[in-house]
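This is final-v5.cif (mmCIF, C-alpha atoms).
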```
data_coords
loop_
_atom_site.label_atom_id
_atom_site.label_comp_id
_atom_site.auth_asym_id
_atom_site.auth_seq_id
_atom_site.Cartn_x
_atom_site.Cartn_y
_atom_site.Cartn_z
CA MET G 93 -116.68 21.45 -75.00
CA GLY G 94 -120.39 21.88 -75.44
CA CYS G 95 -121.81 23.79 -72.62
CA HIS G 96 -118.49 25.30 -71.70
CA CYS G 97 -120.42 28.50 -71.22
CA SER G 98 -120.42 31.17 -68.59
CA SER G 99 -124.06 32.19 -68.70
CA GLN G 100 -127.28 31.15 -70.35
CA HIS G 101 -130.35 32.95 -71.67
CA ARG G 102 -133.77 32.14 -70.29
CA THR G 103 -135.74 29.89 -72.56
CA SER G 104 -139.09 28.24 -72.85
CA ARG G 105 -139.42 24.47 -72.71
CA PHE G 106 -138.14 23.97 -76.25
CA GLY G 107 -135.86 26.94 -76.76
CA GLY G 108 -138.10 29.96 -77.30
CA PRO G 109 -136.55 32.85 -75.39
CA LEU G 110 -138.26 34.56 -72.51
CA GLU G 111 -137.18 37.80 -70.91
CA GLY G 112 -133.70 37.24 -69.52
CA SER G 113 -131.27 38.93 -67.23
CA ALA G 114 -129.96 42.36 -68.13
CA SER G 115 -126.60 40.92 -69.12
CA MET G 116 -128.16 38.56 -71.64
CA ARG G 117 -131.24 40.48 -72.81
CA LYS G 118 -129.43 42.02 -75.75
CA PHE G 119 -129.02 38.51 -77.17
CA MET G 120 -132.75 37.73 -77.09
CA ILE G 121 -134.29 37.35 -80.53
CA PRO G 122 -137.32 35.48 -81.86
CA ALA G 123 -136.51 31.77 -81.94
CA LEU G 124 -139.69 30.11 -83.19
CA ALA G 125 -137.72 28.08 -85.69
CA VAL G 126 -135.50 26.67 -82.98
CA ALA G 127 -138.48 26.09 -80.71
CA LEU G 128 -139.79 23.80 -83.42
CA LEU G 129 -136.38 22.19 -83.84
CA LEU G 130 -136.01 21.26 -80.22
CA ALA G 131 -139.65 20.26 -79.88
CA ALA G 132 -138.74 17.54 -82.34
CA CYS G 133 -136.52 16.06 -79.64
CA GLY G 134 -139.69 14.81 -78.00
CA SER G 135 -140.95 13.06 -81.13
CA GLY G 136 -140.28 9.48 -82.14
CA GLY G 137 -136.85 9.56 -83.77
CA SER G 138 -133.45 8.05 -83.26
CA THR G 139 -132.64 6.20 -80.11
CA PRO G 140 -130.57 8.76 -78.20
CA GLY G 141 -126.87 8.18 -78.53
CA ASP G 142 -126.98 5.11 -80.79
CA GLY G 143 -126.23 6.93 -84.04
CA SER G 144 -129.08 5.22 -85.85
CA ALA G 145 -131.33 6.85 -88.43
CA SER G 146 -134.61 8.45 -87.42
CA GLU G 147 -137.88 6.62 -87.99
CA SER G 148 -139.06 6.09 -91.54
CA GLY G 149 -140.66 9.04 -93.24
CA SER G 150 -137.96 11.54 -92.33
CA PRO G 151 -137.15 14.00 -95.10
CA ASP G 152 -134.42 13.32 -97.64
CA VAL G 153 -131.43 15.27 -96.36
CA SER G 154 -129.04 14.55 -99.21
CA GLY G 155 -127.50 17.34 -101.21
CA LEU G 156 -125.90 19.70 -98.70
CA LYS G 157 -122.23 19.56 -97.81
CA THR G 158 -121.92 19.71 -94.02
CA ALA G 159 -118.89 19.83 -91.73
CA PHE G 160 -118.39 19.31 -87.99
CA VAL G 161 -115.52 20.89 -86.03
CA TYR G 162 -114.53 19.07 -82.84
CA VAL G 163 -112.45 20.44 -79.98
CA SER G 164 -111.46 16.97 -78.77
CA PRO G 165 -110.97 13.68 -80.61
CA VAL G 166 -113.95 11.43 -81.22
CA LYS G 167 -112.17 8.48 -79.67
CA GLY G 168 -111.96 9.04 -75.95
CA SER G 169 -114.16 12.15 -75.75
CA LEU G 170 -117.74 11.71 -74.59
CA TRP G 171 -118.72 15.27 -75.56
CA THR G 172 -117.48 14.85 -79.12
CA GLN G 173 -118.99 11.37 -79.37
CA ALA G 174 -122.42 12.87 -78.73
CA TRP G 175 -121.99 15.30 -81.62
CA ASP G 176 -120.47 12.69 -83.91
CA ARG G 177 -123.51 10.47 -83.48
CA ALA G 178 -125.57 13.34 -84.86
CA ARG G 179 -123.14 13.58 -87.79
CA GLU G 180 -123.37 9.82 -88.38
CA ASP G 181 -127.15 10.05 -88.39
CA LEU G 182 -127.08 12.72 -91.09
CA GLU G 183 -124.58 10.66 -93.07
CA SER G 184 -126.86 7.62 -92.85
CA LYS G 185 -129.62 9.62 -94.54
CA GLY G 186 -127.45 10.64 -97.47
CA ALA G 187 -125.89 13.88 -96.29
CA GLU G 188 -122.29 14.51 -97.30
CA THR G 189 -120.53 15.16 -94.02
CA SER G 190 -116.98 15.55 -92.79
CA ALA G 191 -115.33 16.20 -89.43
CA VAL G 192 -112.08 17.83 -88.35
CA GLU G 193 -110.51 17.13 -84.96
CA PRO G 194 -109.11 18.13 -82.56
CA ILE G 195 -109.21 21.87 -83.20
CA PRO G 196 -108.25 24.10 -80.24
CA GLU G 197 -110.38 27.06 -79.17
CA THR G 198 -107.79 29.48 -80.53
CA ALA G 199 -107.38 31.70 -83.59
CA ASP G 200 -106.31 28.57 -85.48
CA ALA G 201 -110.01 27.74 -85.68
CA THR G 202 -110.54 30.66 -88.08
CA GLY G 203 -108.32 29.05 -90.68
CA VAL G 204 -110.09 25.73 -90.25
CA LEU G 205 -113.51 27.33 -90.69
CA ASN G 206 -112.38 29.28 -93.76
CA ASP G 207 -110.95 26.11 -95.25
CA LEU G 208 -114.25 24.30 -94.75
CA VAL G 209 -116.09 27.17 -96.45
CA SER G 210 -113.65 27.09 -99.37
CA LYS G 211 -114.36 23.38 -99.79
CA GLY G 212 -118.04 24.09 -100.38
CA ASN G 213 -119.57 23.31 -96.99
CA LYS G 214 -122.84 25.18 -96.58
CA LEU G 215 -123.58 24.13 -93.00
CA ILE G 216 -120.89 24.01 -90.30
CA PHE G 217 -121.35 22.75 -86.75
CA ALA G 218 -118.63 24.29 -84.57
CA THR G 219 -119.13 22.22 -81.45
CA ALA G 220 -117.33 24.19 -78.74
CA PHE G 221 -118.21 27.34 -76.86
CA GLY G 222 -114.77 28.83 -77.40
CA TYR G 223 -115.28 28.88 -81.16
CA GLN G 224 -117.78 31.75 -80.93
CA PRO G 225 -115.45 34.66 -81.86
CA PHE G 226 -114.07 32.73 -84.84
CA VAL G 227 -117.53 31.70 -86.03
CA LEU G 228 -118.56 35.35 -85.73
CA ASP G 229 -115.78 36.45 -88.09
CA VAL G 230 -116.20 33.69 -90.65
CA ALA G 231 -120.02 33.75 -90.62
CA THR G 232 -120.05 37.53 -91.09
CA ALA G 233 -117.78 37.19 -94.12
CA ASN G 234 -119.83 34.29 -95.55
CA PRO G 235 -123.56 35.06 -95.14
CA ASP G 236 -124.45 32.25 -97.55
CA VAL G 237 -123.09 29.61 -95.15
CA ASP G 238 -125.06 28.51 -92.08
CA PHE G 239 -123.36 27.87 -88.74
CA VAL G 240 -124.17 26.24 -85.42
CA VAL G 241 -121.98 27.02 -82.41
CA ILE G 242 -122.25 26.19 -78.74
CA GLY G 243 -124.07 28.90 -76.80
CA PRO G 244 -125.33 30.99 -75.29
CA TRP G 245 -124.05 33.79 -77.48
CA ILE G 246 -121.91 36.12 -75.36
CA GLN G 247 -119.96 38.09 -77.95
CA GLU G 248 -120.19 41.87 -77.87
CA LYS G 249 -121.25 41.93 -81.51
CA PRO G 250 -124.73 40.59 -82.28
CA ARG G 251 -125.05 37.02 -83.43
CA PRO G 252 -125.27 36.97 -87.24
CA ASP G 253 -128.52 35.79 -88.83
CA ASN G 254 -126.72 32.75 -90.26
CA VAL G 255 -125.62 31.50 -86.83
CA THR G 256 -127.56 29.47 -84.27
CA ALA G 257 -126.10 29.22 -80.77
CA VAL G 258 -127.23 26.11 -78.90
CA ALA G 259 -126.77 25.09 -75.25
CA SER G 260 -128.29 22.43 -73.02
CA ASP G 261 -129.48 22.13 -69.45
CA ASN G 262 -127.21 19.17 -68.68
CA TRP G 263 -126.34 20.83 -65.36
CA ALA G 264 -129.88 19.99 -64.19
CA ALA G 265 -129.50 16.33 -65.06
CA ARG G 266 -126.71 16.22 -62.48
CA TYR G 267 -129.35 16.69 -59.77
CA ALA G 268 -130.91 13.36 -60.77
CA LEU G 269 -127.44 11.81 -60.86
CA GLY G 270 -126.87 13.13 -57.33
CA VAL G 271 -130.01 11.33 -56.19
CA LEU G 272 -128.75 8.12 -57.81
CA ALA G 273 -125.30 8.57 -56.27
CA ALA G 274 -126.71 9.09 -52.79
CA LYS G 275 -128.76 5.92 -53.10
CA THR G 276 -125.68 3.99 -54.23
CA THR G 277 -122.83 5.21 -52.02
CA LYS G 278 -121.70 3.11 -49.07
CA THR G 279 -119.25 5.67 -47.67
CA GLY G 280 -121.41 8.79 -47.77
CA THR G 281 -118.62 10.49 -49.72
CA LEU G 282 -119.03 11.33 -53.41
CA GLY G 283 -116.48 12.69 -55.87
CA PHE G 284 -116.55 15.03 -58.85
CA VAL G 285 -113.85 15.52 -61.50
CA ALA G 286 -114.36 18.95 -63.09
CA ALA G 287 -112.56 20.62 -65.96
CA ASN G 288 -112.68 24.41 -65.70
CA PRO G 289 -114.52 26.57 -63.15
CA ILE G 290 -117.08 28.18 -65.45
CA SER G 291 -120.67 28.60 -64.38
CA THR G 292 -122.12 25.55 -66.13
CA VAL G 293 -119.54 23.35 -64.45
CA ILE G 294 -120.08 24.95 -61.03
CA ALA G 295 -123.85 24.63 -61.48
CA SER G 296 -123.41 20.95 -62.32
CA ILE G 297 -121.31 20.28 -59.22
CA ASN G 298 -123.78 22.16 -57.04
CA ALA G 299 -126.84 20.48 -58.56
CA PHE G 300 -125.19 17.08 -58.08
CA GLN G 301 -124.61 17.81 -54.40
CA LEU G 302 -128.11 19.25 -53.92
CA GLY G 303 -129.63 16.13 -55.47
CA ALA G 304 -127.54 13.92 -53.21
CA ARG G 305 -128.48 15.94 -50.12
CA SER G 306 -132.17 15.60 -50.96
CA VAL G 307 -131.63 11.92 -50.12
CA ASN G 308 -129.03 12.24 -47.37
CA PRO G 309 -128.46 15.72 -45.84
CA SER G 310 -125.11 14.67 -44.36
CA ILE G 311 -123.54 13.52 -47.64
CA THR G 312 -120.39 15.22 -48.93
CA THR G 313 -118.87 15.65 -52.40
CA LYS G 314 -115.14 16.08 -52.88
CA VAL G 315 -114.21 18.07 -56.00
CA VAL G 316 -111.02 18.12 -58.08
CA PHE G 317 -110.54 20.63 -60.92
CA THR G 318 -108.19 19.42 -63.66
CA GLY G 319 -107.98 22.75 -65.50
CA THR G 320 -108.50 21.15 -68.91
CA TRP G 321 -111.40 19.79 -70.94
CA TYR G 322 -109.46 16.90 -72.40
CA ASP G 323 -106.56 15.20 -70.64
CA PRO G 324 -107.44 11.54 -70.02
CA PRO G 325 -104.40 10.69 -67.85
CA ARG G 326 -105.01 13.70 -65.62
CA ALA G 327 -108.70 12.84 -65.28
CA THR G 328 -107.84 9.22 -64.48
CA GLN G 329 -105.41 10.35 -61.79
CA ALA G 330 -108.01 12.72 -60.33
CA ALA G 331 -110.61 9.96 -60.12
CA GLN G 332 -108.17 7.58 -58.49
CA GLY G 333 -107.21 10.26 -55.99
CA LEU G 334 -110.84 10.86 -55.06
CA ALA G 335 -111.39 7.14 -54.64
CA GLY G 336 -108.38 7.01 -52.36
CA ALA G 337 -109.96 9.79 -50.31
CA GLY G 338 -113.10 7.74 -49.72
CA ALA G 339 -115.35 8.67 -52.65
CA ASP G 340 -117.13 5.58 -53.97
CA VAL G 341 -119.31 7.31 -56.60
CA ILE G 342 -117.49 9.80 -58.83
CA ALA G 343 -119.16 12.09 -61.38
CA GLN G 344 -117.50 14.26 -64.00
CA TYR G 345 -117.79 17.38 -66.14
CA GLU G 346 -114.85 17.03 -68.48
CA ASP G 347 -114.73 15.69 -72.02
CA SER G 348 -112.70 12.51 -71.75
CA THR G 349 -113.33 8.93 -70.70
CA GLY G 350 -110.35 9.26 -68.35
CA THR G 351 -112.51 9.76 -65.27
CA LEU G 352 -114.44 6.57 -65.97
CA GLN G 353 -111.23 4.67 -66.59
CA GLY G 354 -109.99 5.92 -63.22
CA THR G 355 -113.10 4.69 -61.44
CA GLU G 356 -112.78 1.33 -63.16
CA LYS G 357 -109.20 0.97 -61.96
CA ALA G 358 -110.14 2.06 -58.44
CA GLY G 359 -113.13 -0.26 -58.22
CA VAL G 360 -115.68 2.48 -57.51
CA TRP G 361 -118.72 3.78 -59.38
CA GLY G 362 -118.35 6.38 -62.14
CA MET G 363 -120.78 8.72 -63.89
CA GLY G 364 -120.17 9.87 -67.46
CA SER G 365 -120.66 13.23 -69.09
CA GLU G 366 -122.73 14.01 -72.22
CA ALA G 367 -122.58 10.59 -73.89
CA ASP G 368 -123.10 6.98 -72.86
CA GLY G 369 -119.73 6.01 -71.37
CA SER G 370 -120.67 2.48 -70.36
CA GLN G 371 -118.33 0.89 -72.91
CA ALA G 372 -115.37 2.85 -71.53
CA ALA G 373 -115.91 1.42 -68.05
CA PRO G 374 -118.36 -1.50 -68.21
CA LYS G 375 -117.85 -2.53 -64.59
CA SER G 376 -117.90 0.89 -62.93
CA TYR G 377 -120.30 2.92 -65.11
CA LEU G 378 -123.32 3.78 -62.96
CA SER G 379 -125.02 6.27 -65.32
CA GLY G 380 -124.36 9.78 -66.58
CA SER G 381 -125.76 12.75 -68.43
CA VAL G 382 -126.34 12.33 -72.18
CA ASN G 383 -126.84 15.00 -74.82
CA ASN G 384 -129.08 13.92 -77.69
CA TRP G 385 -128.22 16.20 -80.63
CA ILE G 386 -129.66 13.96 -83.38
CA PRO G 387 -133.12 15.56 -83.79
CA PHE G 388 -131.64 19.05 -83.50
CA ALA G 389 -129.00 18.37 -86.16
CA ASN G 390 -131.62 16.85 -88.48
CA GLU G 391 -133.94 19.82 -88.21
CA VAL G 392 -131.14 22.36 -88.63
CA TYR G 393 -129.87 20.48 -91.67
CA THR G 394 -133.34 20.26 -93.21
CA ALA G 395 -133.88 24.00 -92.75
CA SER G 396 -130.47 24.81 -94.23
CA LEU G 397 -131.11 22.50 -97.19
CA ALA G 398 -134.46 24.17 -97.82
CA GLY G 399 -132.98 27.65 -97.56
CA THR G 400 -135.15 28.47 -94.53
CA PHE G 401 -132.39 28.44 -91.90
CA LYS G 402 -132.74 31.38 -89.51
CA GLY G 403 -130.18 31.80 -86.80
CA ALA G 404 -131.46 31.79 -83.23
CA ASP G 405 -130.62 31.05 -79.60
CA ALA G 406 -131.53 27.42 -78.92
CA PHE G 407 -131.57 25.35 -75.78
CA ALA G 408 -131.80 21.56 -75.54
CA THR G 409 -133.93 20.67 -72.55
CA ILE G 410 -134.76 17.73 -70.35
CA ALA G 411 -138.42 18.29 -71.19
CA GLY G 412 -137.66 17.97 -74.90
CA ASP G 413 -135.47 14.86 -74.48
CA GLY G 414 -132.41 16.83 -75.51
CA VAL G 415 -130.80 15.88 -72.19
CA LEU G 416 -131.15 12.36 -70.84
CA LEU G 417 -129.67 9.96 -68.34
CA GLY G 418 -127.36 7.29 -69.65
CA PRO G 419 -128.21 3.64 -69.03
CA ILE G 420 -128.28 2.85 -65.33
CA ASN G 421 -126.16 -0.09 -64.31
CA SER G 422 -128.28 -3.25 -64.18
CA SER G 423 -127.07 -4.03 -60.66
CA VAL G 424 -128.92 -0.98 -59.32
CA PRO G 425 -132.23 -1.96 -57.64
CA GLN G 426 -135.29 -1.25 -59.75
CA ASP G 427 -136.80 1.14 -57.21
CA VAL G 428 -133.62 3.22 -57.25
CA GLN G 429 -133.55 3.25 -61.03
CA ALA G 430 -137.18 4.36 -61.02
CA LEU G 431 -136.41 7.12 -58.53
CA ALA G 432 -133.59 8.51 -60.71
CA ASN G 433 -135.74 8.46 -63.83
CA ASP G 434 -138.70 10.01 -62.01
CA THR G 435 -136.43 12.73 -60.65
CA LEU G 436 -135.29 13.57 -64.17
CA ALA G 437 -138.92 13.74 -65.32
CA GLN G 438 -139.79 16.10 -62.47
CA LEU G 439 -136.81 18.27 -63.34
CA GLY G 440 -138.14 18.49 -66.89
CA SER G 441 -141.66 19.38 -65.77
CA GLY G 442 -140.48 21.95 -63.24
CA ALA G 443 -141.86 19.99 -60.29
CA ILE G 444 -138.31 19.88 -58.92
CA VAL G 445 -136.32 23.12 -58.88
CA PRO G 446 -132.79 22.23 -57.75
CA PHE G 447 -131.87 25.70 -56.51
CA THR G 448 -134.58 26.24 -53.92
CA GLY G 449 -133.69 28.04 -50.69
CA PRO G 450 -132.41 27.89 -48.13
CA ILE G 451 -129.03 27.26 -49.74
CA LYS G 452 -125.70 27.98 -48.10
CA SER G 453 -122.21 27.93 -49.49
CA ASN G 454 -119.64 25.49 -48.19
CA THR G 455 -118.25 28.37 -46.14
CA GLY G 456 -121.58 28.90 -44.37
CA GLU G 457 -122.75 32.00 -46.25
CA GLU G 458 -126.45 32.14 -47.13
CA LYS G 459 -126.78 32.32 -50.90
CA LEU G 460 -130.50 31.72 -51.38
CA ALA G 461 -133.06 32.45 -48.70
CA ALA G 462 -135.84 30.08 -47.70
CA GLY G 463 -138.78 30.31 -50.07
CA GLU G 464 -136.69 31.75 -52.92
CA THR G 465 -135.66 29.93 -56.07
CA TRP G 466 -133.45 30.22 -59.11
CA ALA G 467 -135.97 28.59 -61.37
CA ASP G 468 -134.35 28.93 -64.78
CA SER G 469 -130.92 28.65 -66.35
CA VAL G 470 -130.28 32.39 -66.44
CA ALA G 471 -130.86 32.74 -62.70
CA VAL G 472 -128.85 29.62 -61.92
CA LEU G 473 -125.86 30.41 -64.09
CA ASP G 474 -125.75 34.05 -63.07
CA ASN G 475 -125.21 32.94 -59.46
CA GLN G 476 -122.54 30.26 -59.63
CA ASP G 477 -119.68 31.93 -57.77
CA PHE G 478 -119.76 29.46 -54.87
CA LEU G 479 -119.91 25.79 -53.96
CA VAL G 480 -122.88 24.61 -51.93
CA GLU G 481 -122.83 23.25 -48.42
CA GLY G 482 -121.31 19.80 -48.16
CA ILE G 483 -118.85 20.19 -51.03
CA VAL G 484 -115.23 19.74 -50.08
CA GLY G 485 -113.06 21.90 -52.30
CA ASN G 486 -112.64 25.40 -53.66
CA ILE G 487 -113.25 27.18 -56.93
CA PRO G 488 -109.85 27.89 -58.50
CA GLY G 489 -109.00 31.56 -58.80
#
```
So, in terms of structure tokens, how does the structure I just supplied come out?
Amino acid sequence: MGCHCSSQHRTSRFGGPLEGSASMRKFMIPALAVALLLAACGSGGSTPGDGSASESGSPDVSGLKTAFVYVSPVKGSLWTQAWDRAREDLESKGAETSAVEPIPETADATGVLNDLVSKGNKLIFATAFGYQPFVLDVATANPDVDFVVIGPWIQEKPRPDNVTAVASDNWAARYALGVLAAKTTKTGTLGFVAANPISTVIASINAFQLGARSVNPSITTKVVFTGTWYDPPRATQAAQGLAGAGADVIAQYEDSTGTLQGTEKAGVWGMGSEADGSQAAPKSYLSGSVNNWIPFANEVYTASLAGTFKGADAFATIAGDGVLLGPINSSVPQDVQALANDTLAQLGSGAIVPFTGPIKSNTGEEKLAAGETWADSVAVLDNQDFLVEGIVGNIPG
């Protein structure tokens, strides 16, 4: 899935890289093209997540064969739905697109990518972090084909010039969701269904709890790790178990709609992950994080069609409308809705920095001293080896 990534480079508001940590600095390259791509996220275009075409006057994008590779099926996977809406948008403008699903993050992906190249695709979106090594091999062998893969780029070999690695700061949106959850809970106990214990997931759990504690310092979040990105029955069971343990607002960082279906069955609130999940659980859906890939996909496609594609490290941001909140349930009071939306805006502007000390782990160890901050994604994701105070659970070994 998307930001199934272990670390992230430091970026400017719209994706231009700044000086990063030592571990990531070797991946820093000029990314002006991508800065322009993601700046487009803030312009008037498609309504995020609805799959509609951009406003009139957008360039003709017909004439380039484009493929999307999905790690989980479109039906039932919020992460893949977000990417497929970008594909649908390109298709609506005349692009010839195709999608293959579900393709595991294994060496089998190499054969799939080579097959797509052999069929004449000149732009391939490989929409999972685990595809990186296979994209590296196929892109190196086919310099005339452009690729997008989920980033940041962490391979030992440099990212080829025909590859863009894109990530998003959806972990930060979880802080705003934590605020909303804390304003909604009646029990003071929240839940979180997580897939795998990589740094973006840990950061999302921690940011969710920190946002909740900014409203109520005594609030707790119970966490269950499923160990898989896509297993709807397991996610449903995890959500029901958390509800049984007292959690009445349950968030997620896993690909499926299973968590939301579990909250619906349990009669508690649920929060989706990376696409609008309200249709999957119309009664229990409270809100969620949403990735808006439509403007990014359009700009990448246009550059590839024009022969001006230049691979880079890109980052979809809250500030650039690349990361949004899903619709907030209409039963939520207007002042609470306004607070959640204002919190997201302040996260985008930098007025709110989720990881601001003092921060302790849930074992009582000081992790960030008073007055110190992890103010960017590199700093945050390089320090996610713990769960913050108030989280009930452990990081699997």
Contact residues around segment 284-299 of chain G with only C-alpha atoms at 6 Å, ignoring same-chain residues under 5 positions, as an mmCIF file with C-alpha atoms, in the frame of the given file:
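Final file, selection.cif:
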```
data_model
loop_
_atom_site.group_PDB
_atom_site.id
_atom_site.type_symbol
_atom_site.label_atom_id
_atom_site.label_comp_id
_atom_site.auth_asym_id
_atom_site.auth_seq_id
_atom_site.Cartn_x
_atom_site.Cartn_y
_atom_site.Cartn_z
ATOM 1 C CA SER G 98 -120.420 31.170 -68.590
ATOM 2 C CA TRP G 263 -126.340 20.830 -65.360
ATOM 3 C CA ARG G 266 -126.710 16.220 -62.480
ATOM 4 C CA TYR G 267 -129.350 16.690 -59.770
ATOM 5 C CA VAL G 315 -114.210 18.070 -56.000
ATOM 6 C CA VAL G 316 -111.020 18.120 -58.080
ATOM 7 C CA PHE G 317 -110.540 20.630 -60.920
ATOM 8 C CA THR G 318 -108.190 19.420 -63.660
ATOM 9 C CA GLY G 319 -107.980 22.750 -65.500
ATOM 10 C CA THR G 320 -108.500 21.150 -68.910
ATOM 11 C CA TRP G 321 -111.400 19.790 -70.940
ATOM 12 C CA ILE G 342 -117.490 9.800 -58.830
ATOM 13 C CA ALA G 343 -119.160 12.090 -61.380
ATOM 14 C CA GLN G 344 -117.500 14.260 -64.000
ATOM 15 C CA TYR G 345 -117.790 17.380 -66.140
ATOM 16 C CA GLU G 346 -114.850 17.030 -68.480
ATOM 17 C CA LEU G 473 -125.860 30.410 -64.090
ATOM 18 C CA GLN G 476 -122.540 30.260 -59.630
ATOM 19 C CA VAL G 480 -122.880 24.610 -51.930
#
```
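Minimum atom-to-atom distances from G:Trp171, G:Tyr162, G:Phe300, G:Tyr223 to Gly369 of chain G were compared using all atoms listed in the file, and the lowest value belongs to G:Trp171.
Residue nearest Asn213 of chain G within the list G:Gly482, G:Pro374, G:Pro450, G:Gly155: G:Gly155 [criterion: smallest interatomic distance, only C-alpha atoms].
Comparing G:Ser381, G:Thr465, G:Thr277, G:Ser453 by their smallest distance to Asp477 of chain G, the closest is G:Ser453 (using all atoms listed in the file).
Candidate residues G:Ala430, G:Ile311, G:Ala259, G:Leu170 were compared for distance to Pro244 of chain G, and the nearest is G:Ala259, using all atoms listed in the file.
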Run through the PyMOL selection byres ((chain G and resi 383) around 10) on the given coordinates and return the selected residues as JSON, numbers by chain. {"G": [94, 140, 141, 170, 171, 173, 174, 175, 260, 261, 262, 365, 366, 367, 368, 381, 382, 384, 385, 386, 408, 409, 410, 413, 414, 415, 416, 417, 418]}
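Minimum distance to Ala373 of chain G across G:Ser164, G:Asn390, G:Thr312, G:Gln353 (counting all atoms listed in the file) occurs at G:Gln353.
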Calculate, to one decimal in Å, the centre and edge lengths of the box along x, y and z of the file that holds all listed atoms of segment 199-205 of chain G with 6 Å of margin on each side, and present them as lines of an AutoDock Vina configuration file.
```
center_x = -109.9
center_y = 28.7
center_z = -87.1
size_x = 19.2
size_y = 18.0
size_z = 19.1
```
Select, from G:Thr455, G:Gln332, G:Thr276, G:Thr448, the residue with the minimum atom-to-atom distance to Asn486 of chain G, counting all atoms listed in the file. G:Thr455
Between atom CA of Gly280 of chain G and atom CA of Val484 of chain G, what is the distance, to one decimal in Å?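 Between atom CA of Gly280 of chain G and atom CA of Val484 of chain G the gap is 12.8 Å.
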